[in-house]
>>> print(open('entry.txt').read())   # compact mmCIF, C-alpha atoms
# COMPACT_ATOMS: atom_id res chain seq x y z
CA MET K 454 -53.59 5.10 24.35
CA SER K 455 -52.55 2.04 26.46
CA ARG K 456 -52.96 -0.11 23.34
CA ARG K 457 -50.46 2.08 21.52
CA TRP K 458 -47.97 1.62 24.37
CA ALA K 459 -48.45 -2.15 24.27
CA VAL K 460 -47.69 -2.24 20.53
CA ALA K 461 -44.59 -0.09 21.02
CA ALA K 462 -43.39 -2.33 23.88
CA LEU K 463 -43.91 -5.50 21.80
CA LEU K 464 -42.06 -3.97 18.85
CA SER K 465 -39.08 -2.98 20.98
CA ALA K 466 -39.07 -6.41 22.64
CA ALA K 467 -38.90 -8.03 19.16
CA VAL K 468 -36.02 -5.79 18.12
CA VAL K 469 -34.09 -6.49 21.35
CA ALA K 470 -34.66 -10.26 21.04
CA GLY K 471 -33.39 -10.16 17.44
CA GLY K 472 -30.33 -8.18 18.49
CA VAL K 473 -29.49 -10.62 21.31
CA ALA K 474 -29.94 -13.66 19.04
CA ASN K 475 -27.69 -12.04 16.45
CA ALA K 476 -25.01 -11.26 19.06
CA ILE K 477 -25.05 -14.85 20.38
CA ASP K 478 -24.92 -16.26 16.85
CA ASP K 479 -22.05 -13.95 15.92
CA ARG K 480 -19.93 -14.50 19.01
CA TYR K 481 -20.52 -18.07 20.05
CA VAL K 482 -22.28 -20.16 17.45
CA ALA K 483 -20.49 -18.91 14.36
CA SER K 484 -16.91 -19.07 15.61
CA GLY K 485 -15.85 -22.68 15.05
CA TRP K 486 -17.57 -24.02 18.12
CA HIS K 487 -15.91 -27.39 18.42
CA THR K 488 -14.39 -29.59 21.08
CA VAL K 489 -10.70 -30.41 20.80
CA GLU K 490 -9.75 -33.82 22.18
CA ARG K 491 -6.03 -34.21 22.86
CA GLY K 492 -4.15 -37.45 22.48
CA GLU K 493 -0.62 -38.73 22.10
CA GLU K 494 1.25 -41.10 19.83
CA GLY K 495 1.16 -44.78 20.69
CA ALA K 496 -2.17 -44.67 22.52
CA ASP K 497 -5.80 -45.33 21.56
CA VAL K 498 -7.82 -42.12 21.62
CA ARG K 499 -11.55 -41.69 21.01
CA VAL K 500 -13.10 -38.79 19.13
CA ALA K 501 -16.78 -38.76 18.10
CA ASN K 502 -17.41 -42.22 16.57
CA PHE K 503 -13.72 -42.98 15.89
CA GLN K 504 -10.89 -44.66 17.81
CA VAL K 505 -7.48 -43.51 16.60
CA HIS K 506 -3.93 -44.76 17.19
CA VAL K 507 -1.07 -42.67 15.74
CA HIS K 508 2.20 -44.60 15.30
CA GLY K 509 4.46 -41.78 14.11
CA ALA K 510 5.62 -39.83 11.08
CA VAL K 511 8.64 -39.64 8.77
CA THR K 512 9.83 -36.78 6.58
CA SER K 513 12.02 -36.40 3.52
CA THR K 514 12.23 -34.03 0.59
CA ARG K 515 11.90 -37.06 -1.73
CA LEU K 516 8.95 -39.34 -2.45
CA GLU K 517 8.83 -42.61 -4.37
CA ASP K 518 5.88 -42.03 -6.72
CA GLY K 519 6.61 -44.10 -9.79
CA ASP K 520 9.62 -41.84 -10.23
CA VAL K 521 11.32 -40.20 -7.29
CA VAL K 522 9.96 -36.65 -6.95
CA THR K 523 11.52 -33.86 -4.89
CA SER K 524 9.34 -31.43 -2.97
CA PRO K 525 10.02 -27.70 -2.89
CA GLY K 526 9.06 -28.06 0.81
CA ALA K 527 9.03 -31.40 2.59
CA PHE K 528 7.00 -34.59 2.35
CA VAL K 529 5.60 -36.03 5.57
CA VAL K 530 4.09 -39.52 5.78
CA VAL K 531 1.97 -40.26 8.84
CA ASP K 532 1.50 -43.86 9.98
CA LEU K 533 -1.81 -44.40 11.79
CA SER K 534 -4.55 -46.92 12.58
CA TYR K 535 -8.19 -46.29 13.26
CA ALA K 536 -11.55 -47.99 13.77
CA THR K 537 -15.03 -46.68 14.46
CA THR K 538 -17.31 -47.37 17.41
CA ASP K 539 -20.52 -47.86 15.45
CA ALA K 540 -20.66 -48.46 11.67
CA TRP K 541 -18.30 -48.43 8.68
CA ASP K 542 -17.19 -44.83 8.16
CA SER K 543 -14.26 -42.74 7.01
CA PRO K 544 -13.13 -39.46 8.59
CA GLU K 545 -14.07 -36.32 6.70
CA GLU K 546 -10.54 -34.90 6.83
CA VAL K 547 -7.13 -35.48 8.35
CA VAL K 548 -4.79 -32.46 8.28
CA LEU K 549 -1.47 -31.35 9.78
CA ILE K 550 -1.17 -28.11 11.73
CA ASP K 551 2.16 -26.47 12.56
CA GLY K 552 3.23 -24.28 15.48
CA ALA K 553 2.24 -21.11 13.62
CA GLY K 554 -1.32 -22.43 13.09
CA ARG K 555 -0.84 -23.17 9.40
CA GLU K 556 -2.94 -26.03 8.09
CA PHE K 557 -1.71 -28.56 5.53
CA GLY K 558 -4.20 -30.73 3.65
CA GLU K 559 -3.77 -33.79 1.49
CA PRO K 560 -1.86 -32.86 -1.67
CA SER K 561 -3.29 -33.93 -5.01
CA GLY K 562 -1.37 -34.98 -8.08
CA PHE K 563 0.63 -37.83 -6.56
CA GLY K 564 -0.30 -41.28 -7.87
CA SER K 565 0.62 -42.88 -4.58
CA ALA K 566 -1.33 -40.43 -2.42
CA ALA K 567 -3.40 -42.56 -0.07
CA ARG K 568 -6.62 -40.89 0.96
CA ALA K 569 -8.22 -41.42 4.34
CA TRP K 570 -9.80 -44.88 4.20
CA GLU K 571 -12.93 -46.51 5.55
CA ALA K 572 -12.81 -48.42 8.84
CA GLY K 573 -15.32 -50.62 10.62
CA PRO K 574 -16.76 -50.91 14.13
CA ASP K 575 -13.82 -52.16 16.28
CA ILE K 576 -12.26 -53.31 13.00
CA TRP K 577 -8.93 -51.53 12.93
CA SER K 578 -7.01 -50.75 9.77
CA ARG K 579 -3.54 -49.30 9.47
CA GLY K 580 -2.22 -47.15 6.66
CA THR K 581 -0.26 -44.05 5.73
CA LEU K 582 -1.27 -40.51 4.76
CA LEU K 583 0.88 -38.24 2.60
CA PHE K 584 1.33 -34.51 3.22
CA GLU K 585 3.50 -31.83 1.63
CA VAL K 586 4.41 -29.07 4.08
CA SER K 587 6.59 -25.99 4.33
CA ALA K 588 10.18 -27.03 5.20
CA ASP K 589 10.18 -24.89 8.35
CA ALA K 590 7.02 -26.60 9.67
CA VAL K 591 8.47 -30.12 10.00
CA ASP K 592 9.78 -29.76 13.57
CA ASP K 593 6.44 -28.79 15.09
CA LEU K 594 3.54 -30.68 13.56
CA THR K 595 0.26 -31.85 15.07
CA LEU K 596 -2.15 -34.24 13.38
CA GLU K 597 -5.78 -33.13 13.43
CA PHE K 598 -8.32 -35.89 12.84
CA ARG K 599 -11.78 -34.58 11.85
CA PRO K 600 -14.63 -37.10 11.94
CA GLN K 601 -16.97 -34.47 10.45
CA SER K 602 -16.18 -31.58 8.20
CA PRO K 603 -15.80 -28.46 10.38
CA ASP K 604 -18.92 -26.33 10.10
CA ALA K 605 -18.84 -23.02 11.92
CA ARG K 606 -22.52 -23.31 12.80
CA LEU K 607 -22.53 -26.84 14.22
CA PRO K 608 -20.80 -28.31 17.25
CA SER K 609 -18.26 -31.01 16.44
CA ALA K 610 -15.23 -32.74 17.93
CA VAL K 611 -11.70 -32.98 16.50
CA LEU K 612 -8.67 -34.90 17.76
CA ARG K 613 -5.20 -33.40 17.97
CA VAL K 614 -2.11 -35.57 18.34
CA PRO K 615 1.36 -33.92 18.41
CA LEU K 616 3.71 -35.80 16.02
CA THR K 617 7.28 -36.96 16.46
CA VAL K 618 8.65 -36.59 12.94
CA THR K 619 11.83 -38.53 12.11
CA ALA K 620 13.93 -37.73 9.07
CA ALA K 621 14.29 -40.54 6.53
CA THR K 622 17.34 -41.01 4.35
CA GLU K 623 15.49 -42.97 1.63
CA PRO K 624 12.61 -41.51 -0.44
CA LEU K 625 9.29 -41.93 1.38
CA THR K 626 6.74 -44.50 0.28
CA VAL K 627 2.98 -44.58 0.79
CA GLY K 628 1.12 -47.86 1.18
CA ARG K 629 -2.50 -48.95 1.05
CA ALA K 630 -4.34 -49.39 4.32
CA ARG K 631 -4.86 -52.99 5.52
CA ILE K 632 -7.25 -54.46 8.06
CA LEU K 633 -5.56 -55.59 11.28
CA ALA K 634 -6.11 -58.75 13.29
CA GLU K 635 -7.94 -58.37 16.59
CA GLY K 636 -5.80 -56.65 19.21
CA GLU K 637 -3.28 -55.34 16.68
CA ARG K 638 -2.77 -51.63 16.15
CA MET J 135 -47.53 22.08 7.17
CA THR J 136 -49.32 23.52 10.17
CA GLU J 137 -49.66 27.26 10.69
CA PRO J 138 -47.15 27.39 13.63
CA GLY J 139 -44.73 25.26 11.59
CA ALA J 140 -44.95 27.59 8.62
CA ILE J 141 -44.35 30.60 10.88
CA THR J 142 -41.24 28.90 12.39
CA ALA J 143 -39.88 28.04 8.92
CA ARG J 144 -40.42 31.61 7.64
CA THR J 145 -38.68 33.00 10.74
CA ALA J 146 -35.71 30.68 10.34
CA LEU J 147 -35.39 31.54 6.64
CA ALA J 148 -35.58 35.26 7.41
CA PHE J 149 -32.85 34.81 10.04
CA LEU J 150 -30.57 32.94 7.62
CA LEU J 151 -31.04 35.48 4.83
CA ALA J 152 -30.84 38.58 7.02
CA THR J 153 -27.21 39.54 6.40
CA TRP J 154 -24.73 39.01 3.52
CA PRO J 155 -22.29 36.78 5.45
CA ARG J 156 -25.22 34.50 6.35
CA ARG J 157 -26.43 34.46 2.74
CA LEU J 158 -22.91 33.53 1.52
CA LEU J 159 -22.56 30.79 4.11
CA LEU J 160 -25.93 29.32 3.15
CA SER J 161 -25.11 29.35 -0.55
CA LEU J 162 -21.75 27.66 0.10
CA LEU J 163 -23.49 24.92 2.11
CA LEU J 164 -25.98 24.40 -0.69
CA LEU J 165 -23.06 24.07 -3.15
CA VAL J 166 -21.37 21.21 -1.23
CA PRO J 167 -23.54 18.37 -2.65
CA VAL J 168 -23.17 19.83 -6.15
CA VAL J 169 -19.36 19.90 -5.87
CA VAL J 170 -19.26 16.33 -4.43
CA ALA J 171 -21.53 15.05 -7.20
CA VAL J 172 -19.47 16.74 -9.93
CA SER J 173 -16.19 15.30 -8.57
CA GLY J 174 -17.54 11.74 -8.68
CA GLY J 175 -19.33 11.32 -5.38
CA PHE J 176 -18.10 9.72 -2.16
CA ARG J 177 -17.42 6.30 -3.69
CA PRO J 178 -13.70 5.50 -3.34
CA ALA J 179 -12.03 5.88 -6.69
CA GLU J 180 -10.68 2.60 -8.11
CA PRO J 181 -6.92 2.56 -7.69
CA PRO J 182 -5.14 2.28 -11.04
CA PRO J 183 -3.53 -1.13 -11.70
CA ARG J 184 0.17 -1.06 -11.02
CA GLU J 185 2.60 -2.29 -13.64
CA VAL J 186 5.19 -4.76 -12.36
CA PRO J 187 8.03 -6.24 -14.39
CA ALA J 188 8.30 -9.98 -15.06
CA GLU J 189 10.50 -11.86 -12.55
CA ALA J 190 9.68 -9.34 -9.79
CA VAL J 191 8.45 -10.72 -6.45
CA THR J 192 4.92 -9.34 -6.01
CA ASP J 193 2.79 -9.54 -2.87
CA THR J 194 -0.82 -10.06 -3.95
CA GLY J 195 -2.16 -10.81 -0.48
CA SER J 196 -2.76 -14.55 -0.61
CA TYR J 197 0.48 -15.20 -2.53
CA LEU J 198 4.00 -14.05 -3.09
CA VAL J 199 4.13 -14.31 -6.88
CA VAL J 200 7.04 -14.29 -9.30
CA PRO J 201 5.47 -13.97 -12.77
CA ARG J 202 7.87 -15.37 -15.37
CA ALA J 203 6.61 -15.94 -18.95
CA TYR J 204 3.75 -17.23 -21.07
CA PHE J 205 3.30 -19.86 -23.76
CA VAL J 206 0.70 -21.15 -26.18
CA SER J 207 0.52 -24.90 -26.88
CA ASP J 208 -1.91 -27.57 -28.03
CA ARG J 209 0.18 -30.39 -26.53
CA VAL J 210 -0.45 -29.75 -22.82
CA ASP J 211 -1.15 -33.01 -21.01
CA ALA J 212 -2.24 -33.68 -17.47
CA GLY J 213 -3.96 -37.04 -17.65
CA SER J 214 -7.58 -36.01 -17.50
CA LEU J 215 -7.31 -32.68 -19.34
CA ASP J 216 -9.31 -32.75 -22.56
CA GLU J 217 -7.23 -33.10 -25.67
CA GLY J 218 -7.56 -31.03 -28.81
CA PHE J 219 -7.56 -27.65 -27.15
CA ARG J 220 -5.16 -24.80 -27.55
CA TRP J 221 -3.90 -23.76 -24.15
CA VAL J 222 -2.49 -20.42 -23.10
CA GLY J 223 -0.35 -20.82 -20.01
CA ALA J 224 1.31 -18.40 -17.62
CA LEU J 225 4.45 -19.61 -15.85
CA VAL J 226 4.57 -18.24 -12.32
CA GLN J 227 6.08 -19.08 -8.97
CA ILE J 228 3.59 -18.92 -6.10
CA THR J 229 3.93 -19.13 -2.32
CA ASN J 230 0.74 -19.24 -0.24
CA GLN J 231 1.19 -16.65 2.52
CA GLY J 232 -1.96 -17.60 4.44
CA THR J 233 -2.65 -20.29 7.02
CA VAL J 234 -4.86 -22.67 5.03
CA PRO J 235 -4.44 -24.40 1.65
CA ILE J 236 -5.80 -22.44 -1.33
CA SER J 237 -7.70 -24.46 -3.91
CA VAL J 238 -6.06 -22.88 -6.95
CA VAL J 239 -8.87 -23.59 -9.41
CA PHE J 240 -12.01 -23.34 -7.30
CA GLU J 241 -11.46 -20.45 -4.89
CA ASP J 242 -8.65 -18.36 -6.29
CA GLN J 243 -9.46 -14.97 -7.84
CA THR J 244 -5.88 -13.78 -8.20
CA PHE J 245 -4.97 -14.45 -11.83
CA GLU J 246 -6.89 -13.22 -14.88
CA LEU J 247 -6.29 -13.42 -18.60
CA PRO J 248 -6.73 -10.17 -20.57
CA ASP J 249 -10.21 -9.67 -22.02
CA GLU J 250 -8.99 -9.60 -25.61
CA VAL J 251 -7.77 -13.21 -25.51
CA PRO J 252 -10.67 -15.45 -26.61
CA ASN J 253 -11.24 -17.60 -23.55
CA GLU J 254 -13.61 -20.57 -23.41
CA ASP J 255 -14.19 -20.38 -19.66
CA GLY J 256 -14.06 -17.89 -16.78
CA PRO J 257 -11.36 -15.27 -16.30
CA ASN J 258 -9.51 -17.35 -13.65
CA PRO J 259 -7.33 -20.35 -14.65
CA TYR J 260 -9.11 -23.51 -15.84
CA GLU J 261 -6.31 -25.72 -14.52
CA VAL J 262 -3.02 -25.28 -12.64
CA LEU J 263 -0.16 -27.76 -13.21
CA ARG J 264 3.06 -28.17 -11.21
CA LEU J 265 6.17 -27.98 -13.34
CA ASP J 266 8.18 -30.35 -11.11
CA THR J 267 5.78 -33.29 -11.31
CA GLY J 268 3.71 -32.30 -14.37
CA THR J 269 0.53 -33.04 -12.39
CA ARG J 270 -2.29 -30.85 -11.11
CA LEU J 271 -1.52 -28.72 -8.10
CA GLY J 272 -4.98 -28.93 -6.52
CA SER J 273 -4.23 -26.86 -3.45
CA ALA J 274 -1.31 -24.57 -2.69
CA GLN J 275 -0.17 -25.52 0.82
CA PRO J 276 0.89 -22.65 3.12
CA GLY J 277 4.56 -21.68 2.92
CA VAL J 278 5.41 -24.08 0.07
CA THR J 279 6.86 -22.45 -3.06
CA TYR J 280 5.61 -23.97 -6.31
CA GLU J 281 6.60 -23.38 -9.93
CA VAL J 282 3.33 -23.73 -11.83
CA ALA J 283 1.64 -23.22 -15.18
CA LEU J 284 -1.74 -21.43 -14.98
CA LEU J 285 -3.78 -22.70 -17.92
CA TRP J 286 -6.72 -21.33 -19.90
CA ARG J 287 -8.36 -22.85 -22.98
CA THR J 288 -8.40 -20.45 -25.89
CA SER J 289 -9.66 -20.36 -29.44
CA GLY J 290 -7.40 -17.47 -30.43
CA LEU J 291 -3.68 -16.70 -30.26
CA GLU J 292 -2.82 -18.62 -33.48
CA ASP J 293 -0.03 -16.10 -33.88
CA PRO J 294 1.01 -15.36 -30.28
CA PRO J 295 2.32 -11.82 -29.63
CA ASP J 296 5.75 -11.28 -28.06
CA GLU J 297 4.13 -10.20 -24.80
CA LEU J 298 0.86 -10.97 -22.99
CA THR J 299 -0.51 -8.87 -20.13
CA LEU J 300 -1.52 -10.92 -17.09
CA THR J 301 -3.68 -9.36 -14.38
CA MET J 302 -2.83 -10.24 -10.78
CA ASN J 303 -5.62 -9.10 -8.47
CA GLN J 304 -4.83 -8.10 -4.91
CA THR J 305 -6.78 -10.37 -2.59
CA ALA J 306 -7.90 -9.88 1.00
CA TRP J 307 -8.86 -12.45 3.66
CA THR J 308 -12.57 -11.69 3.71
CA ARG J 309 -15.34 -12.86 5.99
CA TRP J 310 -18.34 -14.32 4.17
CA THR J 311 -21.48 -12.28 4.52
CA ILE J 312 -23.95 -15.06 3.83
CA GLU J 313 -22.46 -17.76 6.08
CA ALA J 314 -20.94 -16.42 9.27
CA GLY J 315 -17.67 -17.93 10.45
CA TYR J 316 -16.22 -18.61 6.98
CA TYR J 317 -13.37 -16.71 5.38
CA SER J 318 -11.77 -16.83 1.96
CA TRP J 319 -9.41 -14.79 -0.21
CA ARG J 320 -11.46 -12.35 -2.30
CA ALA J 321 -10.22 -10.09 -5.09
CA THR J 322 -10.14 -6.39 -4.21
CA ALA J 323 -10.39 -3.48 -6.66
CA ASP J 324 -6.58 -3.21 -6.59
CA SER J 325 -4.50 -5.17 -9.09
CA PHE J 326 -1.13 -5.53 -10.76
CA LEU J 327 -0.42 -5.86 -14.47
CA VAL J 328 2.60 -7.74 -15.76
CA ASP J 329 3.79 -8.13 -19.35
CA LEU J 330 4.90 -11.73 -19.76
CA PRO J 331 7.37 -12.57 -22.54
CA LEU J 332 6.54 -15.45 -24.90
CA THR J 333 8.43 -18.69 -24.27
CA GLU J 334 8.28 -22.42 -25.05
CA ALA J 335 5.94 -24.62 -23.01
CA PRO J 336 7.90 -26.61 -20.37
CA ASP J 337 8.47 -30.27 -21.35
CA SER J 338 7.19 -31.60 -18.01
CA ILE J 339 3.57 -30.68 -18.84
CA LEU J 340 3.55 -31.72 -22.51
CA GLU J 341 2.24 -35.02 -23.82
CA GLU J 342 4.97 -37.35 -25.04
CA GLU J 343 5.59 -37.39 -28.78
CA GLU J 344 4.74 -40.65 -30.49
>>> encode(input="entry.txt", output="structure tokens")
Amino acid sequence: MSRRWAVAALLSAAVVAGGVANAIDDRYVASGWHTVERGEEGADVRVANFQVHVHGAVTSTRLEDGDVVTSPGAFVVVDLSYATTDAWDSPEEVVLIDGAGREFGEPSGFGSAARAWEAGPDIWSRGTLLFEVSADAVDDLTLEFRPQSPDARLPSAVLRVPLTVTAATEPLTVGRARILAEGER
Amino acid sequence: MTEPGAITARTALAFLLATWPRRLLLSLLLLVPVVVAVSGGFRPAEPPPREVPAEAVTDTGSYLVVPRAYFVSDRVDAGSLDEGFRWVGALVQITNQGTVPISVVFEDQTFELPDEVPNEDGPNPYEVLRLDTGTRLGSAQPGVTYEVALLWRTSGLEDPPDELTLTMNQTAWTRWTIEAGYYSWRATADSFLVDLPLTEAPDSILEEEE
């Protein structure tokens, strides 16, 4: 009889442990468990194995891309420098997020679209990233720099830097990243 | 069944069948599953597709869509698209209503070609080109309104009909069941049907004549 009770108790303990693990997984682990570092323009900020320096951003509805193309929304070009702290690496993703929480990724289909580039340990390079955003998002944009791709099940760190976006009168241009001399940003 | 159990069951049955109102009630209860089964069971009936006219703004969930027209052409060019195919294209305006970019070729279940059109690939578009730049759209950014051509490769439609019926599935922001914490737009059972008139392929996506 006591053996039967022991089996029943072990079974219920297993069920309860499974339920608790499931609840923790559901509520905490699987909900985008990442650290948000906050930085500002014109300053060096560290996030994971990267050091980032955001110079600023410009916007226009027109982009010089072989021909001048006009966006149904707005083009935004972000000017930034970054280096790593350990080895040569490139960030998984750099996106813009507006005040309403909408996320804008790198557009494809533009010949001049510069992708996020590779940087070295304390070897800074400066370049530009192109985005195409909704016209009503331009006034309230934050850059989010993601060293690793966000995985809901793994902890990670991202960097957010609020952008000052100035309007350009000429069509925007995108340039290749170049390596900077020591001390330059 | 044990002897006491059998006695209890016989008593209960005798009680239920003792008077006519009880007998009627019991027979009605027994009929319920039969009636439910005959009328199609408890599964929600699939809502009929709704017909929408071309040029009407339609809310499909992930997008606001304005379906415009369709074309058939073997001169569609987008750099790396394979040549020598006949393409059937639907001209639509789309605005992503969500908060993240939608990869229009890889994760979009909204648009489907009718079954009767011979299609080399899946039911969703093989490629999506922007009409303003003539290049691939890739991802539809939130809140940006694009005029695009949805493209499928086809081996039929030598003699294109005056109208082609495009299916626009309603989509819902759905949590993944296999990997917790991920969401994407999934097609629901609800959909819209639109008859697109035949038109010429836009010049911006055609290869240049030699």
>>> residues_around(input="entry.txt", residues="region 274-286 of chain J", least_positions_apart="4", cutoff="8 Å", atoms="only C-alpha atoms", output="PyMOL selection string")
(chain K and resi 525-526+555-558+560+585-588) or (chain J and resi 221-238+253-255+258-266)
>>> atom_distance(input="entry.txt", atom1="CA of Ser609 (chain K)", atom2="CA of Val548 (chain K)")
15.8 Å
>>> atom_distance(input="entry.txt", atom1="CA of Tyr535 (chain K)", atom2="CA of Gly519 (chain K)")
27.5 Å
>>> atom_distance(input="entry.txt", atom1="CA of Gly268 (chain J)", atom2="CA of Glu342 (chain J)")
11.9 Å
>>> closest_residue(input="entry.txt", among="J:Thr269, J:Leu340, J:Leu327, J:Pro295", to="chain K", atoms="only C-alpha atoms")
J:Thr269
>>> closest_residue(input="entry.txt", among="J:Gly175, J:Gly272, J:Pro201, J:Pro294", to="chain K", atoms="all atoms listed in the file")
J:Gly272
>>> residues_around(input="entry.txt", residues="Val522 (chain K)", least_positions_apart="4", cutoff="8 Å", atoms="all atoms listed in the file", output="MDAnalysis selection string")
(chainID K and resid 515:518) or (chainID J and resid 266:267)
>>> write_last_selection(input="entry.txt", atoms="C-alpha atoms", output="mmCIF file, in the frame of the given file")
data_model
loop_
_atom_site.group_PDB
_atom_site.id
_atom_site.type_symbol
_atom_site.label_atom_id
_atom_site.label_comp_id
_atom_site.auth_asym_id
_atom_site.auth_seq_id
_atom_site.Cartn_x
_atom_site.Cartn_y
_atom_site.Cartn_z
ATOM 1 C CA ARG K 515 11.900 -37.060 -1.730
ATOM 2 C CA LEU K 516 8.950 -39.340 -2.450
ATOM 3 C CA GLU K 517 8.830 -42.610 -4.370
ATOM 4 C CA ASP K 518 5.880 -42.030 -6.720
ATOM 5 C CA ASP J 266 8.180 -30.350 -11.110
ATOM 6 C CA THR J 267 5.780 -33.290 -11.310
#
>>> axis_aligned_box(input="entry.txt", around="region 264-280 of chain J", padding_each_side="8 Å", output="lines of an AutoDock Vina configuration file")
center_x = 1.6
center_y = -27.5
center_z = -5.6
size_x = 29.2
size_y = 27.6
size_z = 33.5
>>> residues_around(input="entry.txt", residues="region 568-575 of chain K", least_positions_apart="5", cutoff="8 Å", atoms="only C-alpha atoms", output="compact mmCIF listing (two decimals) with C-alpha atoms, keeping the file's coordinate frame")
# COMPACT_ATOMS: atom_id res chain seq x y z
CA TYR K 535 -8.19 -46.29 13.26
CA ALA K 536 -11.55 -47.99 13.77
CA THR K 537 -15.03 -46.68 14.46
CA THR K 538 -17.31 -47.37 17.41
CA ASP K 539 -20.52 -47.86 15.45
CA ALA K 540 -20.66 -48.46 11.67
CA TRP K 541 -18.30 -48.43 8.68
CA ASP K 542 -17.19 -44.83 8.16
CA SER K 543 -14.26 -42.74 7.01
CA PRO K 544 -13.13 -39.46 8.59
CA GLU K 546 -10.54 -34.90 6.83
CA VAL K 547 -7.13 -35.48 8.35
CA GLU K 559 -3.77 -33.79 1.49
CA LEU K 582 -1.27 -40.51 4.76
CA ALA K 630 -4.34 -49.39 4.32
>>> residues_around(input="entry.txt", residues="region 613-626 of chain K", least_positions_apart="4", cutoff="9 Å", atoms="all atoms listed in the file", output="PyMOL selection string")
chain K and resi 489-494+507-518+521-523+528-531+565+581+583+591-598
>>> closest_residue(input="entry.txt", among="J:Val191, J:Tyr316, J:Ala321, J:Leu158", to="Asp604 (chain K)", atoms="all atoms listed in the file")
J:Tyr316
>>> closest_residue(input="entry.txt", among="J:Ser196, J:Thr333, J:Thr305, J:Ser273", to="chain K", atoms="all atoms listed in the file")
J:Ser273
>>> closest_residue(input="entry.txt", among="J:Ile312, J:Val251, J:Leu163, J:Val200", to="chain K", atoms="only C-alpha atoms")
J:Ile312
>>> closest_residue(input="entry.txt", among="K:Gln601, K:Gln504, K:Ser561, K:Thr488", to="chain J", atoms="all atoms listed in the file")
K:Ser561
>>> decode(input="entry.txt", residues="region 329-343 of chain J", atoms="N, CA and C atoms", output="short mmCIF file (atom, residue, chain, number, x, y, z; two decimals), in the first residue's frame")
data_model
loop_
_atom_site.label_atom_id
_atom_site.label_comp_id
_atom_site.auth_asym_id
_atom_site.auth_seq_id
_atom_site.Cartn_x
_atom_site.Cartn_y
_atom_site.Cartn_z
N ASP J 329 -11.85 39.77 -59.20
CA ASP J 329 -11.66 39.56 -60.64
C ASP J 329 -10.82 40.70 -61.19
N LEU J 330 -9.61 40.36 -61.63
CA LEU J 330 -8.70 41.39 -62.14
C LEU J 330 -8.84 41.48 -63.65
N PRO J 331 -9.00 42.70 -64.18
CA PRO J 331 -9.06 42.85 -65.64
C PRO J 331 -7.67 42.69 -66.25
N LEU J 332 -7.63 42.24 -67.51
CA LEU J 332 -6.36 42.06 -68.22
C LEU J 332 -5.81 43.43 -68.64
N THR J 333 -4.50 43.60 -68.49
CA THR J 333 -3.88 44.86 -68.91
C THR J 333 -2.49 44.57 -69.47
N GLU J 334 -1.80 45.62 -69.91
CA GLU J 334 -0.42 45.48 -70.41
C GLU J 334 0.52 45.44 -69.21
N ALA J 335 1.64 44.72 -69.35
CA ALA J 335 2.65 44.70 -68.30
C ALA J 335 3.31 46.09 -68.22
N PRO J 336 3.54 46.61 -67.00
CA PRO J 336 4.17 47.94 -66.87
C PRO J 336 5.60 47.93 -67.43
N ASP J 337 5.97 49.02 -68.12
CA ASP J 337 7.29 49.10 -68.75
C ASP J 337 8.44 48.96 -67.75
N SER J 338 8.23 49.44 -66.51
CA SER J 338 9.34 49.49 -65.56
C SER J 338 9.88 48.11 -65.20
N ILE J 339 9.10 47.05 -65.41
CA ILE J 339 9.59 45.72 -65.05
C ILE J 339 9.89 44.85 -66.27
N LEU J 340 9.88 45.46 -67.46
CA LEU J 340 10.15 44.69 -68.68
C LEU J 340 11.59 44.88 -69.10
N GLU J 341 12.15 43.81 -69.73
CA GLU J 341 13.52 43.96 -70.23
C GLU J 341 13.48 44.91 -71.42
N GLU J 342 14.62 45.63 -71.61
CA GLU J 342 14.66 46.61 -72.69
C GLU J 342 14.76 45.91 -74.04
N GLU J 343 14.05 46.48 -75.02
CA GLU J 343 14.07 45.85 -76.36
C GLU J 343 15.37 46.18 -77.04
#
